[in-house]
Every structure is written in C-alpha cells, then in structure tokens.
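Student: One structure coming up, written as structure tokens, with questions to follow.
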Amino acid sequence: MIVVAWNPLSGNLIPVGKATGFSVQKRSYRAVIVDDEWLIRSELRMLLGNFPEISVVGEAATVYEAAEVIRRTRPDVVFLDIQMPGESGLRLLDMVERDFEVVFVTAYPQYREEAMKFRPKAYLLKPIRVGDLSQVIAQLAKGKESHEDPGSQR
C-alpha cells in the first residue's frame with residue numbers, strides 16, 4: 001500500500017512511502033545543488049527545506065567542484081544550472097558517472113532542447129516556482145520513468 005500526504009504548497013496528495021505492516025518506509029533523496037550564484041543556491045536550499053524527503057548533501061559553484069561533490073556524496077538528484085563561468089552545466093554530465101536524476105534550474109529557456117538530450121526529470125526556469133518544485137519532488141517520489149517538464153509550462 002502506498003502512503004500519501006497532503007502537500008500544502010501544491011494542494012495535491014503526493015506519495016511519501018510504502019506501508020509495510022504497521023510502519024511506513026519513507027523514501028528520502030540526497031540532493032546536490034550546482035549553481036554559480038550563491039544566492040540562488042541559498043534560495044533553492046531554503047525551498048527544498050519544505051520537503052522533508054529531500055536532504056541537501058552538497059553544493060557547488062563550478063562544474064569542477066560539482067564533479068567532486070557528486071563523486072563524494074553520491075546524490076539521488078542534482079539541481080543543475082546550465083550557464084556558469086568556465087564550463088556549462090551540461091558538460092558536467094559528461095564528466096561524472098550518471099547514476100542520479102537531473103533537474104535543470106536555469107534562467108535560459110534556449111538551452112531546453114539541448115538539455116532534453118540528457119533526459120532530465122525537469123527543466124525549471126528561474127525564478128523557481130514552489131509549485132513547479134513540488135511537482136518535481138512528487139515525480140521523484142513516484143519514481144516516474146517519464147521525464148516530464150513542469151517548468152516548461154511558462
């Protein structure tokens with residue numbers, strides 16, 4: 001049996017775990033935030049704090065820092081900016097073993113087509129809307145194989 005909870009941010013029920021006997025096994029997700037702007041990293045960390053199933057285990061300001069943080073922390077999901085000084089966030093995905101979901105977080109809609117080649121969980125446009133983020137978290141909880149795009153609705 002799947003256990004659901006009301007998400008006041010989205011106004012929807014979202015799956016939060018599986019009931020086994022009398023206990024609930026809740027899935028948690030280890031997240032890394034990659035963005036060259038510390039204010040954006042801080043805002044996203046704060047927004048993710050509204051979702052108890054998400055634990056931010058690392059942050060990085062460059063692609064090279066991100067590669068190291070990802071290798072060290074082995075996250076389930078990476079929230080990744082695309083346009084950063086030095087290297088593109090897209091380049092990061094060629095530098096690391098990809099055993100995590102990717103959520104692109106960018107101010108530039110023109111990278112969407114290229115980014116979709118990496119089959120991200122979502123492509124969110126800055127400023128990040130809580131409703132879009134809530135949908136992404138719900139998709140992670142559902143374990144969807146399809147890679148929907150809540151952020152492209154704008």
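A note on labels: chains of the structure tokens are A, B, ... as shown, every chain counts residues from 1, and ligands are counted from 1 in their shown order.
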Extract the full set of strand (DSSP E or B) residues from range 37-139 of chain A according to DSSP on the backbone, and format it as a list in words.
Tutor: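 Taking range 37-139 of chain A and keeping strand (DSSP E or B) gives Ile54, Ser55, Val56, Val57, Gly58, Glu59, Ala60, Val77, Val78, Phe79, Leu80, Glu101, Val102, Val103, Phe104, Val105, Thr106, Ala122, Tyr123, Leu124 and Leu125 of chain A.
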Student: Have a look at A:Val77, A:Ile70, A:Ala115, A:Ala138 and name the one nearest to Met95 in chain A; count only C-alpha atoms.
Tutor: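 Smallest distance to Met95 in chain A is found for A:Ile70.
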Student: Taking the DSSP secondary structure from the backbone, can you list the residues of range 64-146 of chain A that are helix (DSSP H, G or I), as a PyMOL selection string?
Tutor: chain A and resi 64-73+89-95+109-116+130-142
Student: Using only C-alpha atoms for the distances, tell me which of A:Ile33, A:Leu39, A:Leu80, A:Ile137 is nearest to Val57 in chain A.
Tutor: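 Once distances to Val57 in chain A are computed over only C-alpha atoms, the minimum belongs to A:Ile33.
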Student: Rounded to one decimal in Å, what is the spacing between CA of Arg71 in chain A and CA of Arg30 in chain A?
Tutor: 12.8 Å
Student: Using only C-alpha atoms, determine which residues lie at most 12 Å from Ala31 in chain A, disregarding the query and same-chain residues fewer than 6 positions distant; provide the list as a count of residues only.
Tutor: 32
Student: Between A:Glu43, A:Ala107, A:Tyr64, A:Val136, which is the closest to Lys121 in chain A once you count only C-alpha atoms?
Tutor: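 The shortest atom-to-atom distance to Lys121 in chain A comes from A:Val136.
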Student: Distance CA of Gly89 in chain A-CA of Gln139 in chain A, one decimal place?
Tutor: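 Taking CA of Gly89 in chain A and CA of Gln139 in chain A, their separation equals 22.1 Å.
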Student: Neighbours of Val96 in chain A within 10 Å (only C-alpha atoms; same-chain residues fewer than 2 positions away dropped), as a list in words?
Tutor: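 Everything that qualifies: Ala66, Ala67, Glu68, Ile70, Arg71, Arg91, Leu92, Leu93, Asp94, Arg98 and Asp99 of chain A.
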Student: Take the residues that were just selected and, keeping N, CA and C atoms, output them as a PDB file, in the first residue's frame.
Tutor:
```pdb
ATOM      1  N   ALA A  66      31.475  20.625  -8.629  1.00  0.00           N
ATOM      2  CA  ALA A  66      30.307  19.739  -8.661  1.00  0.00           C
ATOM      3  C   ALA A  66      30.704  18.296  -8.928  1.00  0.00           C
ATOM      4  N   ALA A  67      31.647  18.082  -9.846  1.00  0.00           N
ATOM      5  CA  ALA A  67      32.092  16.718 -10.144  1.00  0.00           C
ATOM      6  C   ALA A  67      32.629  16.054  -8.878  1.00  0.00           C
ATOM      7  N   GLU A  68      33.412  16.785  -8.110  1.00  0.00           N
ATOM      8  CA  GLU A  68      33.968  16.242  -6.869  1.00  0.00           C
ATOM      9  C   GLU A  68      32.871  15.991  -5.823  1.00  0.00           C
ATOM     10  N   ILE A  70      29.721  15.423  -6.315  1.00  0.00           N
ATOM     11  CA  ILE A  70      28.885  14.296  -6.761  1.00  0.00           C
ATOM     12  C   ILE A  70      29.596  12.975  -6.508  1.00  0.00           C
ATOM     13  N   ARG A  71      30.870  12.905  -6.814  1.00  0.00           N
ATOM     14  CA  ARG A  71      31.633  11.663  -6.556  1.00  0.00           C
ATOM     15  C   ARG A  71      31.661  11.333  -5.070  1.00  0.00           C
ATOM     16  N   ARG A  91      28.124  20.103 -19.544  1.00  0.00           N
ATOM     17  CA  ARG A  91      29.435  19.438 -19.595  1.00  0.00           C
ATOM     18  C   ARG A  91      29.642  18.551 -18.377  1.00  0.00           C
ATOM     19  N   LEU A  92      29.106  18.973 -17.233  1.00  0.00           N
ATOM     20  CA  LEU A  92      29.244  18.182 -16.009  1.00  0.00           C
ATOM     21  C   LEU A  92      28.722  16.759 -16.209  1.00  0.00           C
ATOM     22  N   LEU A  93      27.640  16.625 -16.944  1.00  0.00           N
ATOM     23  CA  LEU A  93      27.020  15.310 -17.114  1.00  0.00           C
ATOM     24  C   LEU A  93      27.895  14.365 -17.936  1.00  0.00           C
ATOM     25  N   ASP A  94      28.849  14.918 -18.692  1.00  0.00           N
ATOM     26  CA  ASP A  94      29.827  14.088 -19.397  1.00  0.00           C
ATOM     27  C   ASP A  94      31.022  13.747 -18.513  1.00  0.00           C
ATOM     28  N   ARG A  98      26.744   8.927 -14.344  1.00  0.00           N
ATOM     29  CA  ARG A  98      25.367   9.410 -14.167  1.00  0.00           C
ATOM     30  C   ARG A  98      24.501   8.326 -13.538  1.00  0.00           C
ATOM     31  N   ASP A  99      24.416   8.343 -12.206  1.00  0.00           N
ATOM     32  CA  ASP A  99      23.527   7.425 -11.501  1.00  0.00           C
ATOM     33  C   ASP A  99      22.588   8.224 -10.592  1.00  0.00           C
TER      34      ASP A  99
END
```
Student: Take CA of Thr106 in chain A and CA of Ile82 in chain A and report the distance between them in Å, one decimal.
Tutor: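 These two atoms are separated by 6.0 Å.
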